[in-house]
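Below: final_39.txt (compact mmCIF, C-alpha atoms)
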```txt
# COMPACT_ATOMS: atom_id res chain seq x y z
CA MET A 275 -12.63 26.09 -36.65
CA MET A 276 -12.46 29.66 -35.39
CA VAL A 277 -15.63 29.14 -33.35
CA ILE A 278 -14.12 26.11 -31.61
CA LEU A 279 -10.93 28.05 -30.90
CA GLU A 280 -12.98 30.87 -29.42
CA ILE A 281 -14.87 28.44 -27.20
CA LYS A 282 -11.52 27.11 -26.09
CA GLU A 283 -10.28 30.61 -25.24
CA ARG A 284 -13.46 31.41 -23.36
CA LEU A 285 -13.10 28.18 -21.40
CA LYS A 286 -9.56 29.15 -20.57
CA LYS A 287 -10.64 32.60 -19.42
CA PHE A 288 -13.48 31.13 -17.39
CA TYR A 289 -11.14 28.62 -15.79
CA GLY A 290 -8.61 31.34 -14.98
CA LYS A 291 -11.31 33.37 -13.24
CA PHE A 292 -12.98 30.67 -11.18
CA ASP A 293 -10.29 28.01 -10.94
CA ILE A 294 -10.62 27.46 -7.18
CA TYR A 295 -14.34 26.73 -7.41
CA ILE A 296 -14.09 24.69 -10.63
CA LEU A 297 -11.39 22.45 -9.17
CA ALA A 298 -13.40 21.90 -6.00
CA ILE A 299 -16.58 21.14 -7.99
CA VAL A 300 -14.74 18.71 -10.30
CA LYS A 301 -13.22 16.93 -7.29
CA PHE A 302 -16.60 16.82 -5.55
CA LEU A 303 -18.30 15.38 -8.64
CA GLY A 304 -15.45 12.90 -9.21
CA ALA A 305 -15.64 11.67 -5.62
CA PHE A 306 -19.45 11.53 -5.72
CA ILE A 307 -19.48 9.50 -8.94
CA ALA A 308 -16.72 7.18 -7.68
CA ILE A 309 -18.34 6.49 -4.31
CA SER A 310 -21.82 6.12 -5.84
CA LEU A 311 -20.49 3.60 -8.38
CA ILE A 312 -18.70 1.65 -5.64
CA ASN A 313 -21.91 1.61 -3.59
CA ALA A 314 -24.02 0.63 -6.60
CA ASN A 315 -21.76 -2.25 -7.63
CA ILE A 316 -20.44 -3.70 -4.38
CA GLY A 317 -22.55 -1.90 -1.78
CA TYR A 318 -22.84 -4.66 0.80
CA MET A 319 -22.52 -2.45 3.88
CA GLU A 320 -25.84 -0.63 4.05
CA LYS A 321 -24.58 2.11 6.38
CA LEU A 322 -22.12 3.37 3.76
CA LYS A 323 -24.87 3.71 1.16
CA GLU A 324 -26.71 6.50 2.94
CA SER A 325 -26.86 9.49 0.65
CA VAL A 326 -26.03 12.00 3.41
CA LEU A 327 -22.82 10.14 4.17
CA VAL A 328 -21.91 9.92 0.47
CA LEU A 329 -22.50 13.66 0.06
CA LEU A 330 -20.48 14.54 3.16
CA VAL A 331 -17.55 12.34 2.14
CA SER A 332 -17.64 13.80 -1.40
CA LEU A 333 -17.57 17.29 0.11
CA LEU A 334 -14.54 16.30 2.17
CA CYS A 335 -12.85 14.96 -0.98
CA SER A 336 -13.36 18.32 -2.71
CA ILE A 337 -10.86 19.92 -0.32
CA LEU A 338 -8.48 16.97 -0.08
CA PRO A 339 -5.72 16.19 -2.59
CA ILE A 340 -6.47 13.43 -5.13
CA GLY A 341 -4.48 10.92 -3.05
CA GLY A 342 -6.94 11.47 -0.19
CA MET A 343 -9.87 10.66 -2.49
CA VAL A 344 -8.19 7.41 -3.61
CA PHE A 345 -7.52 6.51 0.03
CA ILE A 346 -11.17 7.13 1.03
CA CYS A 347 -12.49 5.08 -1.91
CA ALA A 348 -10.12 2.24 -0.95
CA GLY A 349 -11.60 2.42 2.56
CA PHE A 350 -15.13 2.13 1.14
CA VAL A 351 -14.15 -0.93 -0.93
CA LEU A 352 -12.54 -2.63 2.09
CA ALA A 353 -15.56 -1.95 4.31
CA HIS A 354 -17.97 -3.40 1.72
CA PHE A 355 -15.76 -6.46 1.21
CA TYR A 356 -15.44 -6.98 4.95
CA THR A 357 -19.23 -7.30 5.12
CA ILE A 358 -19.29 -10.25 2.71
CA SER A 359 -16.02 -11.96 3.48
CA LEU A 360 -13.08 -11.32 5.79
CA GLU A 361 -10.79 -13.24 3.42
CA LEU A 362 -11.75 -11.06 0.48
CA ALA A 363 -11.11 -7.92 2.53
CA ALA A 364 -7.72 -9.32 3.62
CA ILE A 365 -6.67 -10.14 0.04
CA THR A 366 -7.79 -6.68 -1.12
CA LEU A 367 -5.87 -5.03 1.71
CA VAL A 368 -2.74 -6.98 0.71
CA LEU A 369 -3.23 -5.83 -2.92
CA PHE A 370 -3.62 -2.20 -1.83
CA LEU A 371 -0.51 -2.46 0.37
CA LEU A 372 1.46 -3.96 -2.54
CA MET A 373 0.34 -1.10 -4.79
CA PHE A 374 1.46 1.40 -2.18
CA CYS A 375 4.80 -0.21 -1.33
CA LEU A 376 5.86 -0.96 -4.90
CA TYR A 377 4.61 2.06 -6.84
CA ILE A 378 2.54 4.81 -5.20
CA ARG A 379 5.22 5.79 -2.71
CA PHE A 380 7.55 6.64 -5.62
CA ASP A 381 5.02 8.62 -7.63
CA THR A 382 1.81 9.84 -6.04
CA SER A 383 0.83 11.95 -9.07
CA ASP A 384 -0.42 8.87 -10.98
CA CYS A 385 -2.46 7.20 -8.26
CA TYR A 386 -5.74 8.66 -9.54
CA ILE A 387 -5.46 6.25 -12.52
CA ILE A 388 -5.99 3.28 -10.16
CA LEU A 389 -9.38 4.75 -9.17
CA LEU A 390 -10.27 6.07 -12.62
CA THR A 391 -9.85 2.69 -14.36
CA PRO A 392 -12.68 0.83 -12.52
CA ILE A 393 -14.89 3.94 -12.84
CA LEU A 394 -14.46 3.97 -16.64
CA PHE A 395 -15.09 0.22 -16.75
CA TRP A 396 -18.38 0.76 -14.91
CA LEU A 397 -19.26 3.66 -17.19
CA LYS A 398 -18.78 1.23 -20.14
CA ILE A 399 -15.89 3.18 -21.65
CA PRO A 400 -12.87 1.20 -20.40
CA TYR A 401 -10.93 1.66 -23.64
CA LEU A 402 -10.58 5.34 -22.83
CA VAL A 403 -8.06 4.39 -20.12
CA PRO A 404 -5.00 3.58 -22.30
CA LEU A 405 -5.73 6.53 -24.64
CA LEU A 406 -6.13 8.96 -21.75
CA VAL A 407 -3.08 7.74 -19.86
CA GLY A 408 -0.93 7.58 -23.02
CA MET A 409 -1.85 11.17 -23.87
CA THR A 410 -1.43 12.64 -20.39
CA GLY A 411 1.02 10.39 -18.54
CA GLY A 412 4.35 8.74 -19.13
CA ILE A 413 5.66 5.24 -19.79
CA THR A 414 5.67 4.38 -16.08
CA SER A 415 1.92 5.10 -15.94
CA ILE A 416 1.36 1.58 -17.32
CA VAL A 417 1.89 0.33 -13.76
CA PRO A 418 -1.15 2.14 -12.23
CA VAL A 419 -3.16 1.21 -15.37
CA GLY A 420 -2.39 -2.47 -14.69
CA MET A 421 -3.23 -2.02 -11.02
CA GLY A 422 -6.53 -0.34 -11.94
CA VAL A 423 -7.48 -3.19 -14.29
CA ILE A 424 -6.67 -5.81 -11.61
CA GLY A 425 -8.65 -3.72 -9.10
CA TYR A 426 -11.67 -3.65 -11.42
CA TYR A 427 -11.63 -7.42 -12.00
CA LEU A 428 -11.33 -8.00 -8.26
CA LEU A 429 -14.38 -5.77 -7.67
CA ASN A 430 -16.18 -7.58 -10.47
CA TYR A 431 -15.29 -10.98 -9.00
CA ALA A 432 -16.68 -9.90 -5.63
CA LYS A 433 -19.87 -8.66 -7.29
CA GLU A 434 -20.43 -11.91 -9.19
CA ASN A 435 -19.50 -14.26 -6.35
CA ALA A 436 -20.92 -12.38 -3.37
CA THR A 437 -23.43 -15.12 -2.50
CA VAL A 438 -20.83 -17.91 -2.66
CA LEU A 439 -18.46 -15.93 -0.48
CA THR A 440 -21.13 -14.93 2.05
CA ASN A 441 -22.76 -18.34 2.37
CA SER A 442 -19.61 -20.40 2.92
CA THR A 443 -19.02 -21.39 6.52
CA THR A 444 -16.14 -19.98 8.53
CA GLU A 445 -14.46 -23.40 8.66
CA ASP A 446 -13.27 -23.29 5.08
CA ILE A 447 -11.28 -20.06 5.35
CA LEU A 448 -8.44 -21.59 3.39
CA LYS A 449 -10.75 -22.77 0.63
CA LYS A 450 -12.30 -19.34 0.33
CA PHE A 451 -8.86 -17.81 0.17
CA THR A 452 -7.78 -20.19 -2.61
CA LEU A 453 -11.07 -19.63 -4.43
CA ILE A 454 -10.61 -15.84 -4.50
CA ILE A 455 -6.98 -16.01 -5.64
CA ASP A 456 -7.89 -18.60 -8.30
CA GLY A 457 -10.69 -16.34 -9.49
CA LEU A 458 -8.14 -13.59 -10.00
CA ILE A 459 -5.10 -15.34 -11.43
CA GLN A 460 -7.09 -17.65 -13.70
CA ASN A 461 -8.96 -14.75 -15.24
CA LYS A 462 -7.55 -14.76 -18.80
CA LEU A 463 -9.55 -11.68 -19.76
CA MET A 464 -7.95 -9.68 -16.95
CA MET A 465 -4.44 -10.71 -17.99
CA LEU A 466 -5.20 -9.91 -21.64
CA THR A 467 -6.64 -6.49 -20.72
CA VAL A 468 -3.59 -5.64 -18.58
CA VAL A 469 -1.20 -6.50 -21.43
CA VAL A 470 -3.26 -4.77 -24.17
CA PHE A 471 -3.79 -1.60 -22.11
CA ALA A 472 -0.06 -1.45 -21.33
CA LEU A 473 0.90 -1.85 -25.00
CA VAL A 474 -1.68 0.69 -26.22
CA THR A 475 -0.61 3.19 -23.56
CA ILE A 476 3.04 2.90 -24.63
CA VAL A 477 2.23 3.22 -28.35
CA VAL A 478 -0.05 6.25 -27.80
CA TYR A 479 2.60 7.89 -25.62
CA LEU A 480 5.39 7.29 -28.16
CA ILE A 481 3.35 8.58 -31.15
CA LYS A 482 2.20 11.64 -29.18
CA LYS A 483 5.85 12.47 -28.51
CA LEU A 484 6.73 12.47 -32.25
CA SER A 485 7.30 15.91 -33.72
CA VAL A 486 4.75 15.42 -36.50
CA ASP A 487 1.72 17.56 -37.32
CA TYR A 488 -1.50 16.27 -35.74
CA SER A 489 0.51 13.74 -33.73
CA PHE A 490 -2.19 13.63 -31.07
CA MET A 491 -4.88 12.69 -33.62
CA ILE A 492 -2.64 9.99 -35.10
CA ALA A 493 -1.84 8.71 -31.60
CA ILE A 494 -5.51 8.44 -30.64
CA GLY A 495 -6.46 6.80 -33.98
CA VAL A 496 -3.63 4.28 -33.91
CA GLY A 497 -4.32 3.62 -30.22
CA ALA A 498 -7.99 2.83 -30.89
CA ILE A 499 -7.21 0.54 -33.85
CA LEU A 500 -4.44 -1.22 -31.94
CA ASN A 501 -6.78 -1.68 -28.99
CA ILE A 502 -9.44 -3.29 -31.19
CA SER A 503 -7.04 -5.57 -33.06
CA LEU A 504 -5.05 -6.71 -30.00
CA LEU A 505 -8.18 -7.40 -27.96
CA LEU A 506 -9.80 -9.37 -30.80
CA LEU A 507 -6.60 -11.27 -31.51
CA GLY A 508 -6.15 -12.04 -27.82
CA ASP A 509 -9.78 -13.08 -27.40
CA PHE A 510 -9.56 -15.52 -30.30
CA SER A 511 -6.18 -16.98 -29.41
CA LEU A 512 -6.98 -17.37 -25.69
CA ASP A 513 -10.44 -18.68 -26.52
CA ILE A 514 -12.33 -16.04 -24.58
CA THR A 515 -15.93 -15.31 -25.58
CA ALA A 516 -15.63 -11.71 -26.64
CA ALA A 517 -18.31 -9.16 -27.37
CA VAL A 518 -16.83 -8.07 -30.70
CA GLY A 519 -19.31 -5.23 -31.20
CA GLU A 520 -18.68 -3.88 -27.73
CA ILE A 521 -14.93 -3.83 -28.31
CA ILE A 522 -15.19 -2.05 -31.68
CA ILE A 523 -17.88 0.46 -30.72
CA GLY A 524 -16.37 1.01 -27.26
CA SER A 525 -12.94 1.76 -28.76
CA LEU A 526 -14.35 4.14 -31.37
CA VAL A 527 -16.49 5.98 -28.81
CA SER A 528 -13.47 6.20 -26.48
CA ALA A 529 -11.37 7.63 -29.33
CA ALA A 530 -14.06 10.27 -30.03
CA ILE A 531 -14.27 11.22 -26.33
CA MET A 532 -10.48 11.38 -26.14
CA LEU A 533 -10.32 13.68 -29.19
CA ALA A 534 -12.81 16.06 -27.56
CA LEU A 535 -10.99 15.94 -24.21
CA GLN A 536 -7.67 16.50 -25.93
CA PHE A 537 -8.93 19.52 -27.83
CA PHE A 538 -10.79 21.27 -25.05
CA ILE A 539 -8.93 20.28 -21.94
CA PHE A 540 -5.50 18.75 -22.37
CA SER A 541 -4.17 20.83 -25.27
CA VAL A 542 -4.84 24.08 -23.42
CA ASP A 543 -2.31 25.23 -20.90
CA TYR A 544 -4.62 25.68 -17.95
CA THR A 545 -1.74 26.90 -15.83
CA ARG A 546 -3.45 27.51 -12.60
CA THR A 547 -4.25 30.99 -11.51
CA GLU A 548 -2.23 31.56 -8.38
CA HIS A 549 -3.16 33.51 -5.29
CA VAL A 550 -0.04 34.42 -3.37
CA GLN A 551 0.74 36.65 -0.44
CA PHE A 552 4.09 38.25 0.46
CA GLU A 553 5.46 41.46 1.89
CA ASP A 554 8.39 43.83 1.80
CA ASP A 555 9.29 46.72 4.12
CA ASP A 556 6.49 48.98 2.86
CA TYR A 557 3.62 46.82 1.71
CA ILE A 558 1.81 43.53 2.14
CA TYR A 559 0.92 42.16 -1.30
CA TYR A 560 -2.08 39.96 -2.03
CA VAL A 561 -1.47 38.98 -5.65
CA LYS A 562 -3.69 37.04 -8.03
CA ALA A 563 -1.48 35.92 -10.92
CA VAL A 564 -3.57 35.05 -13.99
CA PRO A 565 -1.91 33.25 -16.94
CA LYS A 566 -1.84 35.32 -20.15
CA MET A 567 -4.18 34.50 -23.03
CA SER A 568 -2.52 33.52 -26.30
CA VAL A 569 -5.33 33.89 -28.88
CA THR A 570 -7.80 36.73 -28.65
CA THR A 571 -11.42 36.28 -29.67
CA GLN A 572 -12.28 37.17 -33.23
CA GLU A 573 -12.72 40.85 -34.01
CA ILE A 574 -15.39 41.55 -36.60
CA ASN A 575 -13.91 43.54 -39.48
CA VAL A 576 -16.17 44.25 -42.47
CA LYS A 577 -14.50 45.06 -45.76
CA LYS A 578 -16.77 46.54 -48.42
CA ILE A 579 -15.00 45.37 -51.55
CA ASN A 580 -17.98 45.79 -53.87
CA ALA A 581 -18.56 49.41 -52.82
CA GLN A 582 -14.95 50.30 -53.70
CA LYS A 583 -15.29 48.66 -57.09
CA ALA A 584 -18.44 50.63 -57.75
CA LYS A 585 -16.63 53.81 -56.74
CA LYS A 586 -13.78 53.04 -59.16
CA SER A 587 -16.18 52.31 -62.02
CA THR A 588 -17.96 55.64 -61.51
CA GLN A 589 -14.60 57.42 -61.51
CA ARG A 590 -13.74 55.83 -64.87
CA ARG A 591 -16.95 57.13 -66.35
CA MET B 296 5.31 53.97 -5.33
CA LEU B 297 5.07 50.32 -6.22
CA ASN B 298 8.02 48.82 -8.05
CA GLU B 299 6.26 46.68 -10.65
CA ASP B 300 9.36 44.70 -11.59
CA LYS B 301 9.93 43.81 -7.99
CA VAL B 302 6.30 42.74 -7.53
CA ARG B 303 6.58 40.53 -10.63
CA LEU B 304 9.77 38.93 -9.37
CA MET B 305 8.40 38.41 -5.87
CA THR B 306 5.19 36.92 -7.29
CA LYS B 307 7.21 34.41 -9.32
CA MET B 308 9.19 33.47 -6.25
CA ALA B 309 6.06 33.18 -4.12
CA ILE B 310 4.45 30.88 -6.72
CA TYR B 311 7.59 28.71 -6.75
CA GLU B 312 7.60 28.57 -2.94
CA LYS B 313 3.93 27.60 -2.93
CA ARG B 314 4.24 24.89 -5.60
CA HIS B 315 7.58 23.21 -4.98
CA GLY B 316 9.55 25.38 -2.58
CA LYS B 317 8.70 23.73 0.73
CA GLU B 318 9.41 20.23 -0.54
CA ASN B 319 12.63 21.28 -2.27
CA MET B 320 13.89 23.32 0.65
CA LYS B 321 13.52 20.28 2.88
CA MET B 322 15.95 18.47 0.57
CA THR B 323 18.62 21.11 1.23
CA GLU B 324 18.79 19.81 4.80
CA TYR B 325 20.48 16.70 3.38
CA PHE B 326 23.63 16.11 1.37
CA ARG B 327 22.93 14.26 -1.88
CA GLY B 328 24.37 10.99 -0.55
CA ASP B 329 22.39 11.17 2.69
CA TYR B 330 19.15 12.01 0.89
CA VAL B 331 19.52 9.18 -1.62
CA SER B 332 20.58 6.58 0.93
CA TRP B 333 17.82 7.54 3.40
CA ASN B 334 15.24 7.04 0.66
CA ALA B 335 16.93 3.80 -0.42
CA VAL B 336 16.54 2.52 3.16
CA LYS B 337 12.82 3.43 3.06
CA THR B 338 12.57 1.56 -0.27
CA VAL B 339 14.22 -1.53 1.27
CA ILE B 340 11.64 -1.47 4.08
CA ALA B 341 8.71 -1.06 1.64
CA VAL B 342 9.95 -3.84 -0.69
CA THR B 343 10.53 -6.15 2.29
CA ILE B 344 6.96 -5.59 3.53
CA ALA B 345 5.61 -6.21 0.02
CA TYR B 346 7.69 -9.37 -0.40
CA VAL B 347 6.65 -10.76 2.99
CA LEU B 348 2.99 -10.17 2.02
CA VAL B 349 3.43 -11.95 -1.32
CA VAL B 350 5.25 -14.91 0.25
CA ALA B 351 2.57 -15.16 2.97
CA ALA B 352 -0.17 -15.17 0.35
CA TRP B 353 1.73 -17.80 -1.69
CA VAL B 354 2.17 -20.03 1.38
CA LEU B 355 -1.55 -19.74 2.25
CA TYR B 356 -2.51 -20.51 -1.34
CA HIS B 357 -0.34 -23.66 -1.39
CA LEU B 358 -0.82 -24.56 2.27
CA GLU B 359 -2.52 -27.92 1.70
CA GLU B 360 0.11 -28.98 -0.80
CA LEU B 361 2.90 -27.82 1.52
CA ILE B 362 1.47 -29.70 4.54
CA GLU B 363 1.07 -32.89 2.48
CA ASN B 364 4.64 -32.80 1.20
CA VAL B 365 6.36 -31.30 4.21
CA TYR B 366 8.53 -34.40 4.80
CA THR B 367 9.41 -35.10 1.22
CA MET B 368 10.01 -31.61 -0.15
CA ASP B 369 13.31 -29.76 -0.30
CA VAL B 370 12.61 -27.09 2.35
CA VAL B 371 16.12 -25.65 2.24
CA GLY B 372 15.93 -25.36 -1.54
CA LEU B 373 12.59 -23.58 -1.28
CA LEU B 374 13.90 -21.15 1.32
CA LYS B 375 16.96 -20.53 -0.85
CA LYS B 376 14.72 -19.79 -3.83
CA ILE B 377 12.65 -17.35 -1.76
CA GLY B 378 15.83 -15.65 -0.50
CA VAL B 379 17.40 -15.36 -3.96
CA ASN B 380 14.19 -13.92 -5.44
CA TYR B 381 14.05 -11.42 -2.57
CA ILE B 382 17.62 -10.27 -3.21
CA ILE B 383 17.00 -9.91 -6.97
CA ILE B 384 13.78 -7.89 -6.50
CA LEU B 385 15.38 -5.78 -3.77
CA GLY B 386 18.38 -5.10 -6.00
CA ILE B 387 16.19 -3.95 -8.90
CA TYR B 388 14.15 -1.67 -6.62
CA VAL B 389 17.20 -0.16 -4.91
CA VAL B 390 18.72 0.67 -8.31
CA ILE B 391 15.41 2.27 -9.43
CA ALA B 392 15.18 4.21 -6.13
CA TYR B 393 18.80 5.34 -6.48
CA ILE B 394 18.11 6.74 -9.97
CA ILE B 395 14.75 8.34 -9.06
CA TYR B 396 16.00 10.10 -5.91
CA ASN B 397 19.22 11.25 -7.57
CA VAL B 398 17.23 12.86 -10.39
CA LYS B 399 14.77 14.38 -7.89
CA TYR B 400 17.65 15.87 -5.87
CA SER B 401 19.36 17.33 -8.96
CA LYS B 402 16.11 18.90 -10.20
CA ALA B 403 15.38 20.41 -6.79
CA MET B 404 18.86 21.88 -6.49
CA ASN B 405 18.70 23.40 -9.99
CA SER B 406 15.35 25.07 -9.34
CA LEU B 407 16.55 26.32 -5.95
CA LYS B 408 19.59 27.86 -7.64
CA HIS B 409 17.25 29.83 -9.88
CA TYR B 410 15.14 30.82 -6.88
CA ARG B 411 18.19 32.09 -5.01
CA THR B 412 19.30 34.19 -8.01
CA ASN B 413 15.85 35.79 -8.03
CA LEU B 414 16.12 36.35 -4.30
CA LYS B 415 19.39 38.23 -4.81
CA LYS B 416 17.81 40.32 -7.57
CA ALA B 417 14.89 41.26 -5.31
CA LYS B 418 17.28 42.24 -2.55
CA GLN B 419 19.25 44.41 -4.98
CA MET B 420 16.04 46.12 -6.12
CA ASP B 421 15.18 46.76 -2.50
CA THR B 422 18.49 48.47 -1.75
CA GLU B 423 18.16 50.52 -4.96
CA ASP B 424 14.68 51.59 -3.83
CA VAL B 425 15.99 52.73 -0.48
CA LYS B 426 18.88 54.64 -2.11
CA GLY B 427 16.48 56.27 -4.57
CA ARG B 428 14.42 57.62 -1.72
CA GLY B 429 17.52 59.28 -0.33
CA PHE B 430 17.83 57.32 2.90
```
Could you take the file, read its structure, and then write that structure out as C-alpha cells?
Amino acid sequence: MMVILEIKERLKKFYGKFDIYILAIVKFLGAFIAISLINANIGYMEKLKESVLVLLVSLLCSILPIGGMVFICAGFVLAHFYTISLELAAITLVLFLLMFCLYIRFDTSDCYIILLTPILFWLKIPYLVPLLVGMTGGITSIVPVGMGVIGYYLLNYAKENATVLTNSTTEDILKKFTLIIDGLIQNKLMMLTVVVFALVTIVVYLIKKLSVDYSFMIAIGVGAILNISLLLLGDFSLDITAAVGEIIIGSLVSAAIMLALQFFIFSVDYTRTEHVQFEDDDYIYYVKAVPKMSVTTQEINVKKINAQKAKKSTQRR
Amino acid sequence: MLNEDKVRLMTKMAIYEKRHGKENMKMTEYFRGDYVSWNAVKTVIAVTIAYVLVVAAWVLYHLEELIENVYTMDVVGLLKKIGVNYIIILGIYVVIAYIIYNVKYSKAMNSLKHYRTNLKKAKQMDTEDVKGRGF
C-alpha cells in the first residue's frame, strides 16, 4: 500500500512541476484520439482524413479550452455527414443546436462528456461513462451523458446506413429525413442505454457522497452491478438481442479502470500550479505557486532489535 | 526587503483574479435583478430557437400525414397545443435560469467580498511598510 501511495505522491509532484506541459499533452492526445476515431468511423470526407491536418488541428486543440475541442470535433462530424447526406448533416446540426441552447449554455464545464461518450463507445468501454461521470460530476451531468449516448447512436446509424443515404436520389429528401429520424427514435437500445446510464450515474453519485469508509469503492462496485443488471433486464424485457458477455465483461473492466483512475487521478488534489504576475511600488513579482504535498515519501529507518537483545543478554551474564 | 506575508496575500489574490476574478468582476457591473433578468431573456431566446427547431423537425417528419389531413384536422387545436407546450417548457426553463443565475450571482459576490478584504489587508501592509522605512 505504501508503494502505491508513494507513486501517487510522486505523480503529484511531477504534475506540480510540469503541469503546463502535461495538460497540453493530454489535450493534444485527447483531440488526436477523438479526431482519429471520428475519421476512422465516419470518415467520408477524404480531405479531413489527412494526417497532417489531423495533427495540426490536435495541436490547436492543445492550446484551446475543452469547449473549443468539442466544437472542432462537432465541425468534423458535420463535414463528414454533409459528404454523405445533406439531410443527415441538417438533423445533426439541429441536434447540436438543441444541446447548446438547452444545456451547454448553462454549464460549459460538462460539455466534454458529450464528446467522451462516443469515444468510450468506440474504445469498447462504454460502461465507464456512468461510473466516471457519477464519480466526478453532479446529478445534472446525466443530461450531457444522455446527449453523448444519442450522439454515438446517431454516428453509428450514419456508419451503418451510409450507402443507403448516399445512393438515394435527391427527390426523396423527405423520405430520407423520415428514415434518419425513425432510425434514431425507434432505436430501443439507445433509449435503454440513455435511461440505464442516467440511473447508474445518479446512484454512483449518491453513494460517493455518503460519509462512509471506502464510499468510492462501494459506489463503483454497486454502479457496475447495477449497470449489468439493468442492461440485462432491459434487453430481455424490450426483446433486444444483447451480447450478455460483452455487458458483463465490459462493466467489470470499466469498474477496474475506474478504480485505478479514482486512486491515481481523481482522489488526489491536483490543484493546479499557478504562475502569476503582480507588482507593488518596489518590485515586480513573478510567482510560481506550487500546492503543498500532504504525505512525504517513506524514510528508511532500520531498528536493530536483535542486537539490543543480545546486548542485554550479555549484560545479564 | 521582501514582505513574505504580503507576497503570499498578493499571490492568493492574483490566483483568484486569474481563475474567477474577471468573470465575477463583470457581474458587479449589474444589480442582482438586472443580471438575473438579462440572463433570463437570453434563456427565453435560446429556448425559443430550440422549440422552433423541434417543431420544424416534427412538421417535416409528419409532413405527408399533415398534407393528407389538412382539411379534416383541427389546425387551431394543434396550434394551441404547440403554444401551450411552448409556454410550459419556457416556464420551466425560466425558473431554472432564475435559480441558476441567482446562485451564481450570490457566489460571485461572496468571493468578491473576501477578495476585497484581502485587498484592504494588502493596502494596510503597504502603508505599514512605508511607515517602517521612515518615510
Q: Quick one: pull the distance between atom CA of Tyr431 of chain A and atom CA of Met319 of chain A, Å, one decimal.
A: 17.1 Å
Counting only C-alpha atoms, which residues of chain A fall within 6 Å of chain B, and what is the closest atom pair for each with its distance in Å at one decimal, ordered by chain and rising number, as a Markdown table?
```
| residue | atom | partner | partner_atom | distance |
| --- | --- | --- | --- | --- |
| A:Leu372 | CA | B:Ala345 | CA | 5.4 |
| A:Cys375 | CA | B:Ala341 | CA | 5.0 |
| A:Thr452 | CA | B:Tyr356 | CA | 5.4 |
```
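Between atom CA of Val474 of chain A and atom CA of Ile416 of chain A the separation is 9.4 Å.
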Q | All residues 9 Å or closer to Pro404 of chain A, all atoms listed in the file, same chain fewer than 2 positions away omitted, as number ranges by chain | A | A: 400-402, 406-409, 416, 419, 470-476, 478, 497, 501
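A straight line drawn from atom CA of Met464 of chain A to atom CA of Tyr426 of chain A is 9.0 Å long.
Minimum atom-to-atom distances from A:Ile281, A:Ile294, A:Leu338, A:Ala432 to Leu352 of chain A were compared using only C-alpha atoms, and the lowest value belongs to A:Ala432.
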Q) Excluding same-chain residues fewer than 6 positions from Ile394 of chain B, what lies within 12 Å of it counting all atoms listed in the file, as JSON, numbers by chain? A) {"A": [380], "B": [331, 332, 334, 335, 387, 388, 400, 401]}
Need to verify the contact set: Leu429 of chain A, 12 Å, all atoms listed in the file, exclusion of same-chain residues closer than 6 positions in sequence. Can you return it as a PDB file with C-alpha atoms, keeping the file's coordinate frame?
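File around00.pdb, as written:
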```pdb
ATOM      1  CA  LEU A 311     -20.490   3.600  -8.380  1.00  0.00           C
ATOM      2  CA  ILE A 312     -18.700   1.650  -5.640  1.00  0.00           C
ATOM      3  CA  ASN A 313     -21.910   1.610  -3.590  1.00  0.00           C
ATOM      4  CA  ALA A 314     -24.020   0.630  -6.600  1.00  0.00           C
ATOM      5  CA  ASN A 315     -21.760  -2.250  -7.630  1.00  0.00           C
ATOM      6  CA  ILE A 316     -20.440  -3.700  -4.380  1.00  0.00           C
ATOM      7  CA  GLY A 317     -22.550  -1.900  -1.780  1.00  0.00           C
ATOM      8  CA  ALA A 348     -10.120   2.240  -0.950  1.00  0.00           C
ATOM      9  CA  PHE A 350     -15.130   2.130   1.140  1.00  0.00           C
ATOM     10  CA  VAL A 351     -14.150  -0.930  -0.930  1.00  0.00           C
ATOM     11  CA  LEU A 352     -12.540  -2.630   2.090  1.00  0.00           C
ATOM     12  CA  HIS A 354     -17.970  -3.400   1.720  1.00  0.00           C
ATOM     13  CA  PHE A 355     -15.760  -6.460   1.210  1.00  0.00           C
ATOM     14  CA  LEU A 362     -11.750 -11.060   0.480  1.00  0.00           C
ATOM     15  CA  ALA A 363     -11.110  -7.920   2.530  1.00  0.00           C
ATOM     16  CA  ILE A 365      -6.670 -10.140   0.040  1.00  0.00           C
ATOM     17  CA  THR A 366      -7.790  -6.680  -1.120  1.00  0.00           C
ATOM     18  CA  LEU A 389      -9.380   4.750  -9.170  1.00  0.00           C
ATOM     19  CA  THR A 391      -9.850   2.690 -14.360  1.00  0.00           C
ATOM     20  CA  PRO A 392     -12.680   0.830 -12.520  1.00  0.00           C
ATOM     21  CA  ILE A 393     -14.890   3.940 -12.840  1.00  0.00           C
ATOM     22  CA  PHE A 395     -15.090   0.220 -16.750  1.00  0.00           C
ATOM     23  CA  TRP A 396     -18.380   0.760 -14.910  1.00  0.00           C
ATOM     24  CA  GLY A 422      -6.530  -0.340 -11.940  1.00  0.00           C
ATOM     25  CA  VAL A 423      -7.480  -3.190 -14.290  1.00  0.00           C
ATOM     26  CA  ASN A 435     -19.500 -14.260  -6.350  1.00  0.00           C
ATOM     27  CA  ALA A 436     -20.920 -12.380  -3.370  1.00  0.00           C
ATOM     28  CA  ILE A 454     -10.610 -15.840  -4.500  1.00  0.00           C
ATOM     29  CA  GLY A 457     -10.690 -16.340  -9.490  1.00  0.00           C
ATOM     30  CA  LEU A 458      -8.140 -13.590 -10.000  1.00  0.00           C
ATOM     31  CA  MET A 464      -7.950  -9.680 -16.950  1.00  0.00           C
TER      32      MET A 464
END
```
Q: Please provide as a VMD selection string all residues within 12 Å of Phe540 of chain A, with the sequence filter that same-chain residues fewer than 3 positions apart are discarded (counting all atoms listed in the file).
A: chain A and resid 282 286 406 to 407 409 to 411 490 532 to 537 543 to 545
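Among the candidate residues B:Leu414, B:Ala403, B:Ile362, B:Val379, the one lying nearest to Met322 of chain B is B:Ala403, with distances computed using all atoms listed in the file.
Checking A:Ala364, A:Ile307, A:Val561, A:Ile296 one by one against Ala351 of chain B, counting all atoms listed in the file, you find the shortest gap at A:Ala364.
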Q. Could you pull the residues within 12 Å of Asn298 of chain B, counting all atoms listed in the file, minus those fewer than 5 positions along the same chain, as JSON, numbers by chain?
A. {"A": [554, 556, 557, 559], "B": [303, 304, 305, 417, 420, 421, 423, 424, 425, 427]}
